[in-house]
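Student: Below is a structure I'd like to ask you about.
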Amino acid sequence: MRNPFGADKLVRKRNMFGLVFLIPWLIGFLLFFCTPLIRSVVISFQKVTFLPGGGFSTQGVGFDNFVTALTRDENFIRYASQSLLDLAVNVPVCLVFSFFVAVLLHQKFHGNFIVKAIFFLPVILGTGLFLSVNGQFSSDGAVQGAMEEGVNSLGFLKSMNIVTMLNDIGIPPSLTDYITGPVDRIYSVISMSSIQIFVFLAGLNSISSSLYEAAYVEGANGWTSFWKITFPLVSPVMIINVVYSLIDNFTMSTNVTMNYAWNVSFKIFDLGLAGAMMWLYCLMLAVVVGVVVYFLSKRVVYQS
């Protein structure tokens, strides 16, 4: 029986809008990413040999590159494990920090727009255009020296007695390093959390103020409203931020596994082995994302 109020038509219309927003990405994928992606799969099953006169030749080796990466290469497994460990440290810190900042920026105060621009600045500074311009100006070492001086100016954060205090109360050193690590690399945490902050802000802005008004009438305080209204209703964008943070940390320029595969590809020139490493790495990322999304999706609360 069809819904007399046209709900089915509304659902189809919303689905159509989703496809419309997907079209630009699909066009870009087909034009720029599909062919290199397929080529990388093919190369991972081949041995690539560069010829003295230029060009290269390929020879099929089956799964030999994958076996080499998993069993005979002494660094890949170690670097992949290090990437997983960094993931367990960076992602929770970024999510907690970005959610905390988003809650603060959601409040109304003078200069709110300026503060938002400051937190979005690392995204602009991380673009390819800025990095290329920065590379041109840093050839004489002036810009690089200024950046290093700015980073070193945060050294006073490391001199705080947090480590000593935590050790005195009996907290294990490994947990102490986990707690104090974000303080020692505060700029890195901020730069990795910029996108997540604005995604959380979008989720906070989508919550109807009438829910808070009703909770206030019922006698709920701010703490109760946060845990009963804000946190559950922001859970849909929480999944988005978790997936984004996982992929961002797995593919960032400082990732040891990514750098090692790049060296194998462009310094050792073993393109087949590098391709196999990256596809194994991609499979590991897919498994991590799939497991995390599976468990988090059971806790998501959607507004009706």
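Chain identifiers are assigned as A, B, and so on, following the order in which chains appear in the structure tokens; residues are numbered from 1 within each chain, and ligands are numbered from 1 in order of appearance.
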Residues of range 14-127 of chain A classed as strand (DSSP E) by DSSP on the backbone are to be reported as a ChimeraX atom specification.

Tutor: /A:46-50,56-60

Student: Check which residues of range 67-117 of chain A sit at most 12 Å from range 212-230 of chain A using only C-alpha atoms, and return one row each with the closest pair of atoms and their distance in Å to one decimal, ordered by chain and rising number, as JSON lines.

Tutor:
{"residue": "A:Phe99", "atom": "CA", "partner": "A:Thr230", "partner_atom": "CA", "distance": 11.0}
{"residue": "A:Phe100", "atom": "CA", "partner": "A:Phe226", "partner_atom": "CA", "distance": 11.9}
{"residue": "A:Ala102", "atom": "CA", "partner": "A:Thr230", "partner_atom": "CA", "distance": 11.7}
{"residue": "A:Val103", "atom": "CA", "partner": "A:Thr230", "partner_atom": "CA", "distance": 9.4}
{"residue": "A:His106", "atom": "CA", "partner": "A:Thr230", "partner_atom": "CA", "distance": 11.5}

Student: Would you pick out the contacts of range 241-247 of chain A at 6 Å or less, using only C-alpha atoms, so that residues sharing its chain but fewer than 3 positions from it are not included, and give the list as a PyMOL selection string?

Tutor: chain A and resi 91+196+238+250

Student: Show which residues sit within 7 Å of range 67-70 of chain A, as a list in words. Count only C-alpha atoms, and ignore same-chain residues fewer than 5 positions away.

Tutor: Phe76, Ile77, Leu273 and Met277 of chain A

Student: Keeping only N, CA, C and O atoms, write the selected residues to a file as a JSON list (two decimals), in the first residue's frame.

Tutor:
[["chain", "number", "residue", "atom", "x", "y", "z"],
["A", 76, "PHE", "N", 58.64, -3.89, 5.94],
["A", 76, "PHE", "CA", 57.24, -3.58, 5.65],
["A", 76, "PHE", "C", 56.34, -3.90, 6.84],
["A", 76, "PHE", "O", 55.52, -3.06, 7.25],
["A", 77, "ILE", "N", 56.46, -5.11, 7.38],
["A", 77, "ILE", "CA", 55.60, -5.50, 8.51],
["A", 77, "ILE", "C", 55.85, -4.60, 9.71],
["A", 77, "ILE", "O", 54.91, -4.18, 10.41],
["A", 273, "LEU", "N", 57.11, -4.44, -6.29],
["A", 273, "LEU", "CA", 57.08, -4.65, -4.84],
["A", 273, "LEU", "C", 56.39, -3.49, -4.13],
["A", 273, "LEU", "O", 55.60, -3.71, -3.20],
["A", 277, "MET", "N", 53.06, -3.71, -1.79],
["A", 277, "MET", "CA", 53.02, -3.18, -0.43],
["A", 277, "MET", "C", 51.84, -2.25, -0.23],
["A", 277, "MET", "O", 51.13, -2.31, 0.78]]

Student: Determine, counting only C-alpha atoms, which protein, DNA and RNA residues have an atom within 12 Å of an atom of Ile38 in chain A; residues of the same chain fewer than 6 positions away are not included. Present the result as a list in words.

Tutor: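 Here the answer would be Phe29, Leu30, Phe32, Ser44, Phe45, Gly275 and Trp279 of chain A.
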
Student: Those residues you just picked out, can you put them in a file as a PDB file, in the first residue's frame with N, CA and C atoms?

Tutor:
ATOM      1  N   PHE A  29      36.818  10.578 -10.752  1.00  0.00           N
ATOM      2  CA  PHE A  29      37.414   9.255 -10.556  1.00  0.00           C
ATOM      3  C   PHE A  29      37.654   8.566 -11.894  1.00  0.00           C
ATOM      4  N   LEU A  30      36.668   8.605 -12.779  1.00  0.00           N
ATOM      5  CA  LEU A  30      36.800   7.938 -14.067  1.00  0.00           C
ATOM      6  C   LEU A  30      37.868   8.588 -14.942  1.00  0.00           C
ATOM      7  N   PHE A  32      40.570  10.612 -13.904  1.00  0.00           N
ATOM      8  CA  PHE A  32      41.917  10.809 -13.378  1.00  0.00           C
ATOM      9  C   PHE A  32      42.435   9.664 -12.510  1.00  0.00           C
ATOM     10  N   SER A  44      51.522  -4.572  -9.557  1.00  0.00           N
ATOM     11  CA  SER A  44      51.822  -5.311  -8.328  1.00  0.00           C
ATOM     12  C   SER A  44      52.011  -6.801  -8.582  1.00  0.00           C
ATOM     13  N   PHE A  45      51.565  -7.297  -9.722  1.00  0.00           N
ATOM     14  CA  PHE A  45      51.766  -8.700 -10.085  1.00  0.00           C
ATOM     15  C   PHE A  45      52.870  -8.863 -11.114  1.00  0.00           C
ATOM     16  N   GLY A 275      54.045  -1.571  -5.367  1.00  0.00           N
ATOM     17  CA  GLY A 275      52.615  -1.704  -5.618  1.00  0.00           C
ATOM     18  C   GLY A 275      51.971  -2.760  -4.738  1.00  0.00           C
ATOM     19  N   TRP A 279      48.998  -2.132  -1.892  1.00  0.00           N
ATOM     20  CA  TRP A 279      47.704  -2.810  -1.913  1.00  0.00           C
ATOM     21  C   TRP A 279      47.476  -3.621  -0.641  1.00  0.00           C
TER      22      TRP A 279
END

Student: With a distance cut-off of 10 Å and only C-alpha atoms, select the neighbouring residues of Ser235 in chain A, excluding the residue or stretch itself and same-chain residues fewer than 4 positions from it, and output the selection as a list in words.

Tutor: Phe200, Gly203, Thr230, Phe231, Ile239, Ile240, Asn241, Leu296, Ser297, Arg299, Val300, Val301 and Tyr302 of chain A

Student: Would you mind exporting N, CA, C and O atoms of the selected residues as a PDB file, in the first residue's frame?

Tutor:
ATOM      1  N   PHE A 200      32.002  18.348  12.810  1.00  0.00           N
ATOM      2  CA  PHE A 200      31.269  18.327  14.080  1.00  0.00           C
ATOM      3  C   PHE A 200      30.382  19.558  14.217  1.00  0.00           C
ATOM      4  O   PHE A 200      29.257  19.473  14.742  1.00  0.00           O
ATOM      5  N   GLY A 203      27.239  18.988  12.393  1.00  0.00           N
ATOM      6  CA  GLY A 203      26.349  18.109  13.137  1.00  0.00           C
ATOM      7  C   GLY A 203      25.686  18.810  14.307  1.00  0.00           C
ATOM      8  O   GLY A 203      24.495  18.611  14.571  1.00  0.00           O
ATOM      9  N   THR A 230      23.064  16.087  22.858  1.00  0.00           N
ATOM     10  CA  THR A 230      24.149  16.492  21.951  1.00  0.00           C
ATOM     11  C   THR A 230      24.966  15.302  21.470  1.00  0.00           C
ATOM     12  O   THR A 230      25.124  15.100  20.249  1.00  0.00           O
ATOM     13  N   PHE A 231      25.492  14.542  22.391  1.00  0.00           N
ATOM     14  CA  PHE A 231      26.380  13.441  22.002  1.00  0.00           C
ATOM     15  C   PHE A 231      25.680  12.376  21.164  1.00  0.00           C
ATOM     16  O   PHE A 231      26.225  11.936  20.142  1.00  0.00           O
ATOM     17  N   ILE A 239      30.815   9.087  12.864  1.00  0.00           N
ATOM     18  CA  ILE A 239      31.306   8.042  11.968  1.00  0.00           C
ATOM     19  C   ILE A 239      32.068   8.652  10.802  1.00  0.00           C
ATOM     20  O   ILE A 239      33.117   8.150  10.379  1.00  0.00           O
ATOM     21  N   ILE A 240      31.545   9.749  10.245  1.00  0.00           N
ATOM     22  CA  ILE A 240      32.235  10.420   9.148  1.00  0.00           C
ATOM     23  C   ILE A 240      33.629  10.861   9.582  1.00  0.00           C
ATOM     24  O   ILE A 240      34.621  10.659   8.861  1.00  0.00           O
ATOM     25  N   ASN A 241      33.716  11.449  10.755  1.00  0.00           N
ATOM     26  CA  ASN A 241      35.021  11.920  11.235  1.00  0.00           C
ATOM     27  C   ASN A 241      35.964  10.772  11.553  1.00  0.00           C
ATOM     28  O   ASN A 241      37.183  10.888  11.357  1.00  0.00           O
ATOM     29  N   LEU A 296      30.597   1.004  15.319  1.00  0.00           N
ATOM     30  CA  LEU A 296      30.054   2.325  15.592  1.00  0.00           C
ATOM     31  C   LEU A 296      28.647   2.497  15.033  1.00  0.00           C
ATOM     32  O   LEU A 296      27.835   3.235  15.607  1.00  0.00           O
ATOM     33  N   SER A 297      28.361   1.856  13.902  1.00  0.00           N
ATOM     34  CA  SER A 297      27.037   2.016  13.292  1.00  0.00           C
ATOM     35  C   SER A 297      25.922   1.486  14.181  1.00  0.00           C
ATOM     36  O   SER A 297      24.767   1.904  14.042  1.00  0.00           O
ATOM     37  N   ARG A 299      25.700   2.122  17.250  1.00  0.00           N
ATOM     38  CA  ARG A 299      25.470   3.106  18.301  1.00  0.00           C
ATOM     39  C   ARG A 299      24.971   4.444  17.758  1.00  0.00           C
ATOM     40  O   ARG A 299      24.819   5.397  18.512  1.00  0.00           O
ATOM     41  N   VAL A 300      24.725   4.504  16.452  1.00  0.00           N
ATOM     42  CA  VAL A 300      24.330   5.774  15.833  1.00  0.00           C
ATOM     43  C   VAL A 300      22.870   6.063  16.127  1.00  0.00           C
ATOM     44  O   VAL A 300      22.009   5.170  16.085  1.00  0.00           O
ATOM     45  N   VAL A 301      22.569   7.328  16.425  1.00  0.00           N
ATOM     46  CA  VAL A 301      21.203   7.795  16.675  1.00  0.00           C
ATOM     47  C   VAL A 301      20.877   8.833  15.616  1.00  0.00           C
ATOM     48  O   VAL A 301      21.577   9.838  15.496  1.00  0.00           O
ATOM     49  N   TYR A 302      19.831   8.585  14.847  1.00  0.00           N
ATOM     50  CA  TYR A 302      19.423   9.525  13.797  1.00  0.00           C
ATOM     51  C   TYR A 302      18.187  10.283  14.266  1.00  0.00           C
ATOM     52  O   TYR A 302      17.291   9.721  14.906  1.00  0.00           O
TER      53      TYR A 302
END

Student: Taking into account only C-alpha atoms, which residue in the set A:Ala117, A:Val89, A:Ala202, A:Ile268 is nearest to Val189 in chain A?

Tutor: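 Answer, going by the shortest atom-to-atom distance: A:Val89.
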
Student: Grab the CA of Leu280 in chain A to CA of Pro24 in chain A distance for me, in Å with one decimal place.

Tutor: 28.6 Å

Student: Given only C-alpha atoms as the basis, pick out the residue of A:Asn263, A:Asn112, A:Gln107, A:Ser188 nearest to Asn205 in chain A.

Tutor: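 Comparing A:Asn263, A:Asn112, A:Gln107, A:Ser188 against Asn205 in chain A, the winner is A:Gln107.
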
Student: Can you tell me which residues surround Asn259 in chain A at a distance of at most 12 Å, considering only C-alpha atoms, apart from same-chain residues fewer than 4 positions away, and format the answer as a compact mmCIF listing (two decimals) with N, CA and C atoms, in the first residue's frame?

Tutor:
# COMPACT_ATOMS: atom_id res chain seq x y z
N ASN A 75 61.29 -4.73 6.55
CA ASN A 75 60.79 -3.45 7.05
C ASN A 75 59.28 -3.27 6.93
N PHE A 76 58.64 -3.89 5.94
CA PHE A 76 57.24 -3.58 5.65
C PHE A 76 56.34 -3.90 6.84
N TYR A 79 56.94 -1.45 9.71
CA TYR A 79 56.39 -0.12 9.47
C TYR A 79 54.87 -0.13 9.49
N ALA A 80 54.26 -1.19 8.96
CA ALA A 80 52.81 -1.30 8.98
C ALA A 80 52.29 -1.39 10.42
N SER A 83 52.42 1.99 11.90
CA SER A 83 51.31 2.82 11.42
C SER A 83 50.03 2.52 12.19
N PHE A 250 46.36 7.23 7.81
CA PHE A 250 47.00 6.16 7.04
C PHE A 250 47.74 6.70 5.82
N THR A 251 47.32 7.85 5.30
CA THR A 251 47.88 8.35 4.04
C THR A 251 48.63 9.66 4.19
N MET A 252 48.84 10.17 5.39
CA MET A 252 49.53 11.43 5.58
C MET A 252 50.99 11.31 5.18
N SER A 253 51.61 12.45 4.88
CA SER A 253 52.97 12.45 4.34
C SER A 253 54.00 11.95 5.34
N THR A 254 53.70 12.01 6.62
CA THR A 254 54.64 11.55 7.65
C THR A 254 54.47 10.08 8.00
N ASN A 255 53.57 9.39 7.33
CA ASN A 255 53.34 7.98 7.63
C ASN A 255 54.55 7.17 7.18
N ASN A 263 60.03 5.10 -1.16
CA ASN A 263 61.45 4.86 -1.36
C ASN A 263 61.69 3.60 -2.18
N VAL A 264 60.92 2.55 -1.93
CA VAL A 264 61.05 1.33 -2.71
C VAL A 264 60.71 1.58 -4.16
N SER A 265 59.73 2.45 -4.40
CA SER A 265 59.28 2.71 -5.76
C SER A 265 60.22 3.63 -6.53
N PHE A 266 60.66 4.73 -5.91
CA PHE A 266 61.37 5.77 -6.66
C PHE A 266 62.84 5.89 -6.31
N LYS A 267 63.33 5.12 -5.35
CA LYS A 267 64.76 5.09 -5.07
C LYS A 267 65.38 3.74 -5.41
N ALA A 274 56.64 -2.26 -4.56
CA ALA A 274 55.98 -1.11 -3.95
C ALA A 274 54.48 -1.16 -4.16
N MET A 277 53.06 -3.71 -1.79
CA MET A 277 53.02 -3.18 -0.43
C MET A 277 51.84 -2.25 -0.23
N MET A 278 51.60 -1.37 -1.21
CA MET A 278 50.52 -0.41 -1.06
C MET A 278 49.15 -1.08 -1.11

Student: Have a look at CA of Asn15 in chain A and CA of Leu95 in chain A and let me know their distance in Å, one decimal.

Tutor: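 Computing it gives 29.2 Å between the two atoms.
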